[in-house]
>>> print(open('input-v6.cif').read())   # mmCIF, C-alpha atoms
data_target
loop_
_atom_site.label_atom_id
_atom_site.label_comp_id
_atom_site.auth_asym_id
_atom_site.auth_seq_id
_atom_site.Cartn_x
_atom_site.Cartn_y
_atom_site.Cartn_z
CA GLY A 1 0.00 0.00 0.00
CA SER A 2 2.81 2.41 0.84
CA SER A 3 4.67 1.58 -2.37
CA TYR A 4 1.57 1.97 -4.51
CA GLY A 5 0.76 5.24 -2.72
CA GLN A 6 4.25 6.54 -3.52
CA ALA A 7 3.83 5.39 -7.12
CA ALA A 8 0.46 7.19 -7.34
CA ASP A 9 2.04 10.36 -5.89
CA ALA A 10 4.89 10.08 -8.37
CA ILE A 11 2.49 9.59 -11.29
CA THR A 12 0.34 12.52 -10.18
CA GLY A 13 3.38 14.72 -9.63
CA ASN A 14 5.00 13.82 -12.96
CA TYR A 15 1.79 14.30 -14.92
CA GLY A 16 1.17 17.56 -13.03
CA SER A 17 4.64 18.71 -14.07
CA ALA A 18 3.88 17.63 -17.63
CA LEU A 19 0.65 19.63 -17.59
CA SER A 20 2.45 22.66 -16.19
CA SER A 21 5.20 22.40 -18.81
CA LEU A 22 2.61 21.87 -21.51
CA GLY A 23 0.65 24.92 -20.39
CA GLN A 24 3.81 27.01 -20.36
CA GLY A 25 4.76 25.78 -23.83
CA TYR A 26 1.37 26.55 -25.31
CA GLY A 27 1.27 29.85 -23.43
CA GLN A 28 4.61 30.78 -24.98
CA ALA A 29 3.24 29.69 -28.34
CA ARG A 30 0.24 32.02 -27.84
CA ASP A 31 2.58 34.88 -26.96
CA ASP A 32 4.78 34.14 -29.97
CA LEU A 33 1.79 33.93 -32.29
CA THR A 34 0.34 37.15 -30.93
CA GLY A 35 3.71 38.88 -31.24
CA GLN A 36 4.33 37.63 -34.76
CA TYR A 37 0.86 38.52 -35.99
CA GLY A 38 1.17 41.87 -34.23
CA GLN A 39 4.44 42.44 -36.10
CA ALA A 40 2.72 41.35 -39.30
CA ARG A 41 -0.06 43.88 -38.66
CA ASP A 42 2.52 46.60 -38.07
CA ASP A 43 4.37 45.64 -41.24
CA ILE A 44 1.15 45.62 -43.25
CA ASN A 45 0.11 49.01 -41.89
CA THR A 46 3.59 50.41 -42.49
CA ASN A 47 3.80 49.02 -46.02
CA TYR A 48 0.31 50.13 -46.92
CA GLY A 49 1.03 53.54 -45.41
CA GLN A 50 4.14 53.76 -47.59
CA ALA A 51 2.10 52.58 -50.57
CA ARG A 52 -0.46 55.32 -49.93
CA THR A 53 2.33 57.87 -49.67
CA ASP A 54 3.93 56.64 -52.90
CA LEU A 55 0.56 56.57 -54.61
CA GLY A 56 -0.20 60.10 -53.41
CA ASN A 57 3.17 61.34 -54.61
CA GLN A 58 2.64 59.66 -57.96
CA TYR A 59 -0.85 61.13 -58.19
CA ALA A 60 0.46 64.61 -57.42
CA GLN A 61 3.15 64.22 -60.05
CA THR A 62 0.63 62.92 -62.58
CA GLN A 63 -1.74 65.78 -61.82
CA GLY A 64 1.14 68.19 -62.27
CA TYR A 65 1.94 66.81 -65.71
CA LEU A 66 -1.72 66.69 -66.70
CA GLY A 67 -2.18 70.24 -65.42
CA GLN A 68 0.72 71.39 -67.55
CA ALA A 69 -0.71 69.57 -70.56
CA THR A 70 -4.10 71.14 -69.95
CA ALA A 71 -2.58 74.59 -69.45
CA ALA A 72 -0.77 74.24 -72.79
CA TYR A 73 -4.14 74.76 -74.52
CA ASP A 74 -4.78 78.06 -72.73
CA PRO A 75 -2.92 80.25 -75.27
CA LEU A 76 -4.77 78.58 -78.12
CA ILE A 77 -8.08 79.12 -76.36
CA SER A 78 -7.37 82.70 -75.39
CA GLY A 79 -5.97 83.52 -78.84
CA SER A 80 -8.89 82.04 -80.76
CA GLN A 81 -11.72 82.90 -78.43
CA GLY A 82 -12.38 86.20 -80.29
CA SER A 83 -12.51 84.39 -83.63
CA PHE A 84 -15.01 81.92 -82.19
CA THR A 85 -17.22 84.74 -80.91
CA ARG A 86 -17.04 86.63 -84.23
CA PHE A 87 -17.72 83.37 -86.09
CA GLN A 88 -20.84 82.82 -83.99
CA ASN A 89 -21.92 86.39 -84.77
CA ALA A 90 -21.19 85.93 -88.45
CA ILE A 91 -23.28 82.77 -88.78
CA GLY A 92 -26.11 84.28 -86.73
CA GLY A 93 -25.48 82.23 -83.68
CA ASN A 94 -25.80 85.25 -81.40
CA GLY A 95 -28.94 86.82 -82.92
CA ALA A 96 -29.47 90.21 -84.64
CA ALA A 97 -27.10 91.96 -82.32
CA GLY A 98 -24.46 89.44 -83.15
CA SER A 99 -25.13 89.81 -86.88
CA ALA A 100 -24.85 93.61 -86.63
CA GLN A 101 -21.63 93.17 -84.69
CA ALA A 102 -20.45 90.75 -87.35
CA THR A 103 -21.06 93.34 -90.11
CA GLN A 104 -19.21 95.94 -88.13
CA ASP A 105 -16.37 93.58 -87.42
CA PHE A 106 -16.22 92.52 -91.07
CA GLN A 107 -16.05 96.07 -92.27
CA ALA A 108 -13.35 96.81 -89.74
CA ALA A 109 -11.35 93.77 -90.73
CA PRO A 110 -7.81 94.46 -91.95
CA GLY A 111 -7.59 94.79 -95.80
CA TYR A 112 -11.33 95.03 -96.35
CA GLN A 113 -11.36 98.80 -96.79
CA TYR A 114 -8.25 98.68 -98.89
CA GLN A 115 -9.77 96.11 -101.21
CA MET A 116 -12.97 98.14 -101.39
CA ASP A 117 -11.07 101.31 -102.17
CA GLN A 118 -9.06 99.58 -104.85
CA ALA A 119 -12.14 98.06 -106.45
CA LEU A 120 -14.13 101.27 -106.40
CA GLY A 121 -11.14 103.27 -107.67
CA SER A 122 -10.86 100.91 -110.60
CA VAL A 123 -14.59 101.39 -111.40
CA GLN A 124 -14.26 105.14 -111.15
CA ARG A 125 -11.25 105.19 -113.36
CA LEU A 126 -13.04 103.11 -115.89
CA ALA A 127 -16.01 105.46 -115.71
CA ALA A 128 -13.76 108.47 -116.12
CA SER A 129 -12.25 106.95 -119.19
CA ARG A 130 -15.73 106.64 -120.55
CA GLY A 131 -16.65 110.14 -119.39
CA ASP A 132 -19.47 108.75 -117.29
CA VAL A 133 -18.24 109.34 -113.78
CA ALA A 134 -21.60 110.46 -112.50
CA GLY A 135 -23.69 108.32 -114.78
CA GLY A 136 -26.09 105.63 -113.87
CA ASN A 137 -23.91 102.90 -115.28
CA THR A 138 -21.08 103.96 -113.08
CA THR A 139 -23.29 103.92 -110.03
CA ALA A 140 -24.56 100.46 -110.94
CA ASP A 141 -21.00 99.25 -111.47
CA ILE A 142 -19.96 100.67 -108.11
CA LEU A 143 -22.85 98.92 -106.33
CA LYS A 144 -22.23 95.71 -108.18
CA THR A 145 -18.53 95.84 -107.46
CA ALA A 146 -19.02 96.75 -103.83
CA THR A 147 -21.66 94.09 -103.32
CA GLY A 148 -19.66 91.40 -105.05
CA LEU A 149 -16.51 92.33 -103.18
CA ALA A 150 -18.43 92.37 -99.90
CA ASP A 151 -19.96 88.98 -100.59
CA GLN A 152 -16.65 87.50 -101.66
CA SER A 153 -14.72 89.06 -98.80
CA TYR A 154 -17.37 88.17 -96.23
CA GLN A 155 -17.25 84.52 -97.18
CA GLN A 156 -13.49 84.65 -96.87
CA TYR A 157 -13.89 86.49 -93.59
CA VAL A 158 -16.29 83.86 -92.27
CA SER A 159 -13.96 81.10 -93.47
CA ASN A 160 -11.08 82.74 -91.61
CA LEU A 161 -13.23 83.10 -88.54
CA GLN A 162 -14.16 79.44 -88.81
CA ASN A 163 -10.48 78.50 -88.87
CA GLY A 164 -10.00 80.60 -85.74
CA ALA A 165 -13.09 79.02 -84.20
CA ASN A 166 -11.63 75.60 -85.00
CA TYR A 167 -8.50 76.53 -83.10
CA PHE A 168 -10.68 77.59 -80.20
CA GLN A 169 -12.60 74.37 -80.42
CA THR A 170 -9.36 72.44 -80.55
CA GLY A 171 -8.14 74.30 -77.49
CA ILE A 172 -11.39 73.63 -75.66
CA GLN A 173 -11.27 69.99 -76.62
CA GLY A 174 -7.65 69.78 -75.52
CA ARG A 175 -8.46 71.43 -72.21
CA ALA A 176 -11.49 69.15 -71.79
CA ALA A 177 -9.34 66.14 -72.54
CA GLY A 178 -6.76 67.39 -70.08
CA LEU A 179 -9.37 67.94 -67.40
CA THR A 180 -10.87 64.56 -68.25
CA ASN A 181 -7.47 62.99 -67.84
CA GLN A 182 -7.05 64.79 -64.54
CA GLY A 183 -10.49 63.59 -63.47
CA ASN A 184 -9.64 60.07 -64.60
CA ALA A 185 -6.38 60.29 -62.69
CA SER A 186 -8.28 61.47 -59.62
CA GLN A 187 -10.79 58.67 -60.06
CA ALA A 188 -8.00 56.16 -60.60
CA TYR A 189 -6.27 57.57 -57.52
CA GLY A 190 -9.45 57.18 -55.50
CA THR A 191 -9.97 53.68 -56.91
CA GLN A 192 -6.39 52.75 -56.12
CA LEU A 193 -6.73 54.20 -52.63
CA GLY A 194 -9.96 52.26 -52.20
CA SER A 195 -8.32 49.10 -53.53
CA LEU A 196 -5.32 49.74 -51.35
CA GLY A 197 -7.49 50.27 -48.30
CA MET A 198 -9.54 47.17 -49.16
CA ALA A 199 -6.39 45.17 -49.70
CA GLN A 200 -5.06 46.47 -46.38
CA GLY A 201 -8.33 45.56 -44.70
CA ASN A 202 -8.31 42.12 -46.31
CA ALA A 203 -4.69 41.63 -45.30
CA LEU A 204 -5.40 42.72 -41.74
CA SER A 205 -8.54 40.58 -41.72
CA GLY A 206 -6.48 37.68 -43.00
CA ILE A 207 -3.93 38.36 -40.27
CA ASP A 208 -6.65 38.49 -37.62
CA THR A 209 -8.34 35.40 -39.05
CA GLY A 210 -5.02 33.60 -39.28
CA LEU A 211 -4.18 34.62 -35.72
CA GLY A 212 -7.60 33.47 -34.54
CA ASP A 213 -7.21 30.17 -36.39
CA GLN A 214 -3.69 29.69 -35.05
CA LEU A 215 -4.75 30.56 -31.50
CA ALA A 216 -7.79 28.28 -31.80
CA GLN A 217 -5.56 25.52 -33.17
CA ASN A 218 -3.11 26.20 -30.35
CA ASP A 219 -5.91 26.00 -27.78
CA ARG A 220 -7.28 22.84 -29.40
CA GLY A 221 -3.79 21.37 -29.37
CA LEU A 222 -3.43 22.31 -25.70
CA GLY A 223 -6.81 20.79 -24.88
CA THR A 224 -5.99 17.63 -26.82
CA ALA A 225 -2.57 17.37 -25.20
CA GLN A 226 -4.05 17.96 -21.76
CA ALA A 227 -6.77 15.39 -22.44
CA ASN A 228 -4.09 12.92 -23.55
CA ILE A 229 -2.08 13.62 -20.43
CA TYR A 230 -5.14 13.21 -18.23
CA GLY A 231 -6.01 10.04 -20.14
CA GLN A 232 -2.48 8.72 -19.76
CA GLN A 233 -2.50 9.68 -16.09
CA GLY A 234 -5.84 7.95 -15.63
CA ASN A 235 -4.58 4.86 -17.45
CA ALA A 236 -1.39 4.86 -15.40
CA LEU A 237 -3.28 5.29 -12.15
CA GLY A 238 -5.85 2.73 -13.29
CA SER A 239 -3.10 0.26 -14.13
CA LEU A 240 -1.42 1.08 -10.83
CA TYR A 241 -4.62 0.63 -8.85
CA GLN A 242 -5.48 -2.49 -10.81
CA GLY A 243 -2.01 -3.83 -10.11
CA GLN A 244 -2.45 -2.86 -6.48
CA GLY A 245 -5.83 -4.59 -6.41
CA ASN A 246 -4.40 -7.67 -8.10
CA ALA A 247 -1.47 -7.63 -5.71
CA LEU A 248 -3.76 -7.23 -2.71
CA LEU A 249 -6.05 -9.91 -4.10
CA GLY A 250 -3.08 -12.19 -4.67
CA ALA A 251 -1.74 -11.39 -1.23
CA GLN A 252 -5.10 -12.06 0.37
CA THR A 253 -5.53 -15.21 -1.72
CA ASN A 254 -2.07 -16.38 -0.73
CA LEU A 255 -2.79 -15.35 2.83
CA GLY A 256 -6.08 -17.28 2.77
CA THR A 257 -4.35 -20.25 1.16
CA ASN A 258 -1.53 -20.10 3.67
CA LEU A 259 -3.95 -19.61 6.53
CA GLY A 260 -6.07 -22.47 5.22
CA GLN A 261 -2.97 -24.63 4.86
CA ALA A 262 -1.84 -23.53 8.29
CA ASP A 263 -5.26 -24.28 9.70
CA ALA A 264 -5.20 -27.66 7.96
CA ASN A 265 -1.71 -28.32 9.22
CA LEU A 266 -2.76 -27.11 12.65
CA GLY A 267 -5.84 -29.33 12.54
CA THR A 268 -3.76 -32.27 11.39
CA GLY A 269 -1.17 -31.54 14.05
CA GLN A 270 -3.82 -31.00 16.68
CA SER A 271 -5.55 -34.20 15.58
CA ALA A 272 -2.30 -36.10 15.71
CA LEU A 273 -1.52 -34.42 19.00
CA SER A 274 -4.96 -35.20 20.31
CA VAL A 275 -4.63 -38.82 19.15
CA GLY A 276 -1.20 -39.03 20.67
CA GLN A 277 -2.41 -37.26 23.77
CA GLY A 278 -5.44 -39.53 23.89
CA THR A 279 -3.24 -42.54 23.46
CA ASN A 280 -0.90 -41.25 26.12
CA THR A 281 -3.79 -40.30 28.33
CA LEU A 282 -5.37 -43.70 27.77
CA GLY A 283 -2.10 -45.31 28.71
CA ILE A 284 -1.78 -42.99 31.66
CA TYR A 285 -5.36 -43.67 32.71
CA GLY A 286 -4.84 -47.39 32.16
CA GLN A 287 -1.73 -47.30 34.27
CA ALA A 288 -3.47 -45.07 36.76
CA GLY A 289 -6.41 -47.47 36.81
CA SER A 290 -4.08 -50.38 37.34
CA ASN A 291 -2.28 -48.45 40.00
CA LEU A 292 -5.56 -47.41 41.56
CA MET A 293 -6.74 -50.95 41.38
CA ASN A 294 -3.60 -52.12 43.13
CA LEU A 295 -3.97 -49.28 45.54
CA GLY A 296 -7.62 -50.26 46.06
CA ASN A 297 -6.62 -53.76 46.69
CA GLN A 298 -4.01 -52.54 49.07
CA GLU A 299 -6.52 -50.22 50.69
CA SER A 300 -9.05 -53.00 50.83
CA ASN A 301 -6.57 -55.27 52.49
CA ALA A 302 -5.58 -52.41 54.79
CA ILE A 303 -9.21 -51.67 55.48
CA SER A 304 -9.91 -55.33 56.08
CA ASN A 305 -6.96 -55.52 58.40
CA ALA A 306 -7.94 -52.24 60.03
CA THR A 307 -11.54 -53.33 60.26
CA LYS A 308 -10.50 -56.60 61.81
CA MET A 309 -8.26 -54.76 64.17
CA TYR A 310 -11.03 -52.23 64.89
CA VAL A 311 -13.55 -55.00 65.42
CA ASP A 312 -11.17 -56.85 67.59
CA ASN A 313 -10.39 -53.72 69.50
CA SER A 314 -14.06 -52.81 69.64
CA ASN A 315 -14.95 -56.23 70.88
CA THR A 316 -12.23 -56.03 73.47
CA GLU A 317 -13.30 -52.52 74.45
CA ALA A 318 -16.92 -53.61 74.51
CA LYS A 319 -16.05 -56.39 76.80
CA ASN A 320 -14.12 -54.01 78.92
CA GLN A 321 -17.01 -51.51 78.82
CA MET A 322 -19.48 -54.21 79.68
CA ALA A 323 -17.35 -55.21 82.58
CA ALA A 324 -16.97 -51.60 83.58
CA GLY A 325 -20.71 -51.04 83.09
CA GLY A 326 -21.47 -53.85 85.38
CA ASN A 327 -19.21 -52.32 87.93
CA PHE A 328 -20.70 -48.89 87.30
CA LEU A 329 -24.23 -50.14 87.64
CA GLY A 330 -23.23 -51.78 90.85
CA MET A 331 -21.79 -48.51 91.98
CA LEU A 332 -24.94 -46.60 90.89
CA GLY A 333 -27.02 -49.01 92.77
CA GLY A 334 -24.95 -48.27 95.80
CA ILE A 335 -25.28 -44.55 95.24
CA ALA A 336 -28.96 -44.72 94.68
CA SER A 337 -29.45 -46.27 98.04
CA SER A 338 -27.50 -43.41 99.66
CA PRO A 339 -29.24 -40.21 100.88
CA PHE A 340 -27.78 -38.09 98.02
CA GLY A 341 -28.22 -40.75 95.39
CA GLY A 342 -31.06 -39.06 93.51
CA SER A 343 -29.24 -35.80 93.15
CA ILE A 344 -26.05 -37.47 92.01
CA LEU A 345 -27.83 -39.64 89.48
CA SER A 346 -29.57 -36.61 88.09
CA LYS A 347 -26.23 -34.84 87.48
CA VAL A 348 -24.72 -37.98 86.02
CA GLY A 349 -27.67 -38.27 83.72
CA GLY A 350 -27.06 -34.67 82.59
CA LEU A 351 -23.48 -35.58 81.76
CA PHE A 352 -24.62 -38.43 79.54
CA LYS A 353 -26.92 -36.11 77.70
#
>>> encode(input="input-v6.cif", output="structure tokens")
Amino acid sequence: GSSYGQAADAITGNYGSALSSLGQGYGQARDDLTGQYGQARDDINTNYGQARTDLGNQYAQTQGYLGQATAAYDPLISGSQGSFTRFQNAIGGNGAAGSAQATQDFQAAPGYQYQMDQALGSVQRLAASRGDVAGGNTTADILKTATGLADQSYQQYVSNLQNGANYFQTGIQGRAAGLTNQGNASQAYGTQLGSLGMAQGNALSGIDTGLGDQLAQNDRGLGTAQANIYGQQGNALGSLYQGQGNALLGAQTNLGTNLGQADANLGTGQSALSVGQGTNTLGIYGQAGSNLMNLGNQESNAISNATKMYVDNSNTEAKNQMAAGGNFLGMLGGIASSPFGGSILSKVGGLFK
């Protein structure tokens, strides 16, 4: 019992130490996992922060280039904006006021007056050569020439304005394209920031999920290991207690067998002893009986001899007493006849009582 108790204490102590060591190991594993995943989170945040910075710097640089490209259309727009306005006036795009302004602008256009003066001077010179300077034909020629020149020059004027308007339109389109590119860059920047933030969130979520899975796996491993240790401890203690029970059972069985054998041997010995004792006692009693019988015979002879001697003595004494009685009676008779005889006899009678 003491040995099995010490073994049970040793098993419990060793498995307790194993559980403590196991808990420390898994606790260290939890700390390591938490530290490593914490470092991973810091690295992810740092890297994504650097990525955001790099992306912002790249976006600023891209916006700078796009802004310069967009600004390159400003001189074209500013230089052709007047042509575009005059072209709109010339084609009636700005109403009657615009048309009137178009006529005024046309007439004030460079070279128009010179061409008109040259054309009218040629008509007048031709009329002078005919001697019809103030005639109706001359007036008709002047009107025809002026009208034709105006129509021809106006179409050229409108065509020139259209070329200027095209430059303006090109500048506007270039600026619009530049602004569109800047807007697309901003949108791409926002999309990239969103994607970057989502990727960062997914990475952090993956880190957290991975940490949770690792910690859960660590805890499950600890629980399984502890369960195995408890199971092994239970099996060891069970085997120990079963061995103890078997040993105690064997000891008790052996003890019972030995006690039974001892009792049997004792019974056999006691029986043999009793038989021997009985035999000895019988012999002793037989010898004692023989001795007693001899002694009885001796006593009987002694008693017979004593009885004979007693009888003989008694007979002798009786004879003597009878003789003495006769004498005594004779004496009593003498006393009775004396004056004090009655009183003496009475006292003697009291003595015999």
>>> closest_residue(input="input-v6.cif", among="A:Leu179, A:Ala10, A:Ala90, A:Leu240", to="Gly67 of chain A", atoms="all atoms listed in the file")
A:Leu179
>>> closest_residue(input="input-v6.cif", among="A:Leu76, A:Ile91, A:Leu196, A:Ala8", to="Asp54 of chain A", atoms="all atoms listed in the file")
A:Leu196
>>> atom_distance(input="input-v6.cif", atom1="atom CA of Gly183 of chain A", atom2="atom CA of Gln58 of chain A")
14.8 Å
>>> atom_distance(input="input-v6.cif", atom1="atom CA of Leu55 of chain A", atom2="atom CA of Tyr73 of chain A")
27.4 Å
>>> closest_residue(input="input-v6.cif", among="A:Thr180, A:Asp208, A:Ala29, A:Tyr230", to="Ser17 of chain A", atoms="only C-alpha atoms")
A:Tyr230
>>> closest_residue(input="input-v6.cif", among="A:Thr34, A:Asn218, A:Gln81, A:Gln287", to="Leu161 of chain A", atoms="all atoms listed in the file")
A:Gln81
>>> closest_residue(input="input-v6.cif", among="A:Gly238, A:Asn14, A:Asn45, A:Tyr26", to="Leu204 of chain A", atoms="all atoms listed in the file")
A:Asn45
>>> atom_distance(input="input-v6.cif", atom1="atom CA of Gly178 of chain A", atom2="atom CA of Phe87 of chain A")
25.1 Å
>>> closest_residue(input="input-v6.cif", among="A:Gln321, A:Asn265, A:Ala102, A:Leu33", to="Asp213 of chain A", atoms="all atoms listed in the file")
A:Leu33
>>> resolve_selection(input="input-v6.cif", expression="the PyMOL selection byres ((chain A and resi 188-193) around 10)", output="list in words")
Tyr48, Ala51, Arg52, Leu55, Gly56, Gln58, Tyr59, Ala60, Asn181, Gln182, Gly183, Asn184, Ala185, Ser186, Gln187, Gly194, Ser195, Leu196, Gly197, Met198 and Ala199 of chain A
>>> write_last_selection(input="input-v6.cif", atoms="C-alpha atoms", output="mmCIF file, in the frame of the given file")
data_model
loop_
_atom_site.group_PDB
_atom_site.id
_atom_site.type_symbol
_atom_site.label_atom_id
_atom_site.label_comp_id
_atom_site.auth_asym_id
_atom_site.auth_seq_id
_atom_site.Cartn_x
_atom_site.Cartn_y
_atom_site.Cartn_z
ATOM 1 C CA TYR A 48 0.310 50.130 -46.920
ATOM 2 C CA ALA A 51 2.100 52.580 -50.570
ATOM 3 C CA ARG A 52 -0.460 55.320 -49.930
ATOM 4 C CA LEU A 55 0.560 56.570 -54.610
ATOM 5 C CA GLY A 56 -0.200 60.100 -53.410
ATOM 6 C CA GLN A 58 2.640 59.660 -57.960
ATOM 7 C CA TYR A 59 -0.850 61.130 -58.190
ATOM 8 C CA ALA A 60 0.460 64.610 -57.420
ATOM 9 C CA ASN A 181 -7.470 62.990 -67.840
ATOM 10 C CA GLN A 182 -7.050 64.790 -64.540
ATOM 11 C CA GLY A 183 -10.490 63.590 -63.470
ATOM 12 C CA ASN A 184 -9.640 60.070 -64.600
ATOM 13 C CA ALA A 185 -6.380 60.290 -62.690
ATOM 14 C CA SER A 186 -8.280 61.470 -59.620
ATOM 15 C CA GLN A 187 -10.790 58.670 -60.060
ATOM 16 C CA GLY A 194 -9.960 52.260 -52.200
ATOM 17 C CA SER A 195 -8.320 49.100 -53.530
ATOM 18 C CA LEU A 196 -5.320 49.740 -51.350
ATOM 19 C CA GLY A 197 -7.490 50.270 -48.300
ATOM 20 C CA MET A 198 -9.540 47.170 -49.160
ATOM 21 C CA ALA A 199 -6.390 45.170 -49.700
#
>>> resolve_selection(input="input-v6.cif", expression="the PyMOL selection byres ((chain A and resi 170) around 12)", output="list in words")
Thr70, Ala72, Tyr73, Asp74, Pro75, Leu76, Ile77, Ser78, Gly79, Ser80, Gln81, Phe84, Gln162, Asn163, Gly164, Ala165, Asn166, Tyr167, Phe168, Gln169, Gly171, Ile172, Gln173, Gly174, Arg175, Ala176, Ala177 and Gly178 of chain A
>>> build_atoms(input="input-v6.cif", residues="segment 100-111 of chain A", atoms="N, CA, C and O atoms", output="PDB file, in the frame of the given file")
ATOM      1  N   ALA A 100     -25.272  92.218 -86.450  1.00  0.00           N
ATOM      2  CA  ALA A 100     -24.850  93.610 -86.630  1.00  0.00           C
ATOM      3  C   ALA A 100     -23.395  93.785 -86.229  1.00  0.00           C
ATOM      4  O   ALA A 100     -22.614  94.486 -86.906  1.00  0.00           O
ATOM      5  N   GLN A 101     -23.014  93.105 -85.143  1.00  0.00           N
ATOM      6  CA  GLN A 101     -21.630  93.170 -84.690  1.00  0.00           C
ATOM      7  C   GLN A 101     -20.735  92.488 -85.702  1.00  0.00           C
ATOM      8  O   GLN A 101     -19.599  92.924 -85.949  1.00  0.00           O
ATOM      9  N   ALA A 102     -21.241  91.439 -86.335  1.00  0.00           N
ATOM     10  CA  ALA A 102     -20.450  90.750 -87.350  1.00  0.00           C
ATOM     11  C   ALA A 102     -20.200  91.643 -88.547  1.00  0.00           C
ATOM     12  O   ALA A 102     -19.096  91.655 -89.107  1.00  0.00           O
ATOM     13  N   THR A 103     -21.231  92.398 -88.978  1.00  0.00           N
ATOM     14  CA  THR A 103     -21.060  93.340 -90.110  1.00  0.00           C
ATOM     15  C   THR A 103     -20.039  94.405 -89.768  1.00  0.00           C
ATOM     16  O   THR A 103     -19.146  94.732 -90.565  1.00  0.00           O
ATOM     17  N   GLN A 104     -20.146  94.912 -88.560  1.00  0.00           N
ATOM     18  CA  GLN A 104     -19.210  95.940 -88.130  1.00  0.00           C
ATOM     19  C   GLN A 104     -17.802  95.376 -88.055  1.00  0.00           C
ATOM     20  O   GLN A 104     -16.840  96.036 -88.487  1.00  0.00           O
ATOM     21  N   ASP A 105     -17.691  94.189 -87.540  1.00  0.00           N
ATOM     22  CA  ASP A 105     -16.370  93.580 -87.420  1.00  0.00           C
ATOM     23  C   ASP A 105     -15.804  93.276 -88.810  1.00  0.00           C
ATOM     24  O   ASP A 105     -14.593  93.404 -89.049  1.00  0.00           O
ATOM     25  N   PHE A 106     -16.667  92.821 -89.717  1.00  0.00           N
ATOM     26  CA  PHE A 106     -16.220  92.520 -91.070  1.00  0.00           C
ATOM     27  C   PHE A 106     -15.687  93.767 -91.768  1.00  0.00           C
ATOM     28  O   PHE A 106     -14.639  93.736 -92.412  1.00  0.00           O
ATOM     29  N   GLN A 107     -16.462  94.832 -91.606  1.00  0.00           N
ATOM     30  CA  GLN A 107     -16.050  96.070 -92.270  1.00  0.00           C
ATOM     31  C   GLN A 107     -14.777  96.633 -91.645  1.00  0.00           C
ATOM     32  O   GLN A 107     -14.009  97.329 -92.304  1.00  0.00           O
ATOM     33  N   ALA A 108     -14.548  96.319 -90.397  1.00  0.00           N
ATOM     34  CA  ALA A 108     -13.350  96.810 -89.740  1.00  0.00           C
ATOM     35  C   ALA A 108     -12.196  95.849 -89.861  1.00  0.00           C
ATOM     36  O   ALA A 108     -11.104  96.101 -89.316  1.00  0.00           O
ATOM     37  N   ALA A 109     -12.396  94.765 -90.586  1.00  0.00           N
ATOM     38  CA  ALA A 109     -11.350  93.770 -90.730  1.00  0.00           C
ATOM     39  C   ALA A 109     -10.178  94.343 -91.511  1.00  0.00           C
ATOM     40  O   ALA A 109     -10.387  95.143 -92.435  1.00  0.00           O
ATOM     41  N   PRO A 110      -8.978  93.964 -91.224  1.00  0.00           N
ATOM     42  CA  PRO A 110      -7.810  94.460 -91.950  1.00  0.00           C
ATOM     43  C   PRO A 110      -7.871  94.063 -93.438  1.00  0.00           C
ATOM     44  O   PRO A 110      -8.222  92.931 -93.759  1.00  0.00           O
ATOM     45  N   GLY A 111      -7.625  95.052 -94.365  1.00  0.00           N
ATOM     46  CA  GLY A 111      -7.590  94.790 -95.800  1.00  0.00           C
ATOM     47  C   GLY A 111      -8.908  94.953 -96.486  1.00  0.00           C
ATOM     48  O   GLY A 111      -8.958  95.048 -97.715  1.00  0.00           O
TER      49      GLY A 111
END
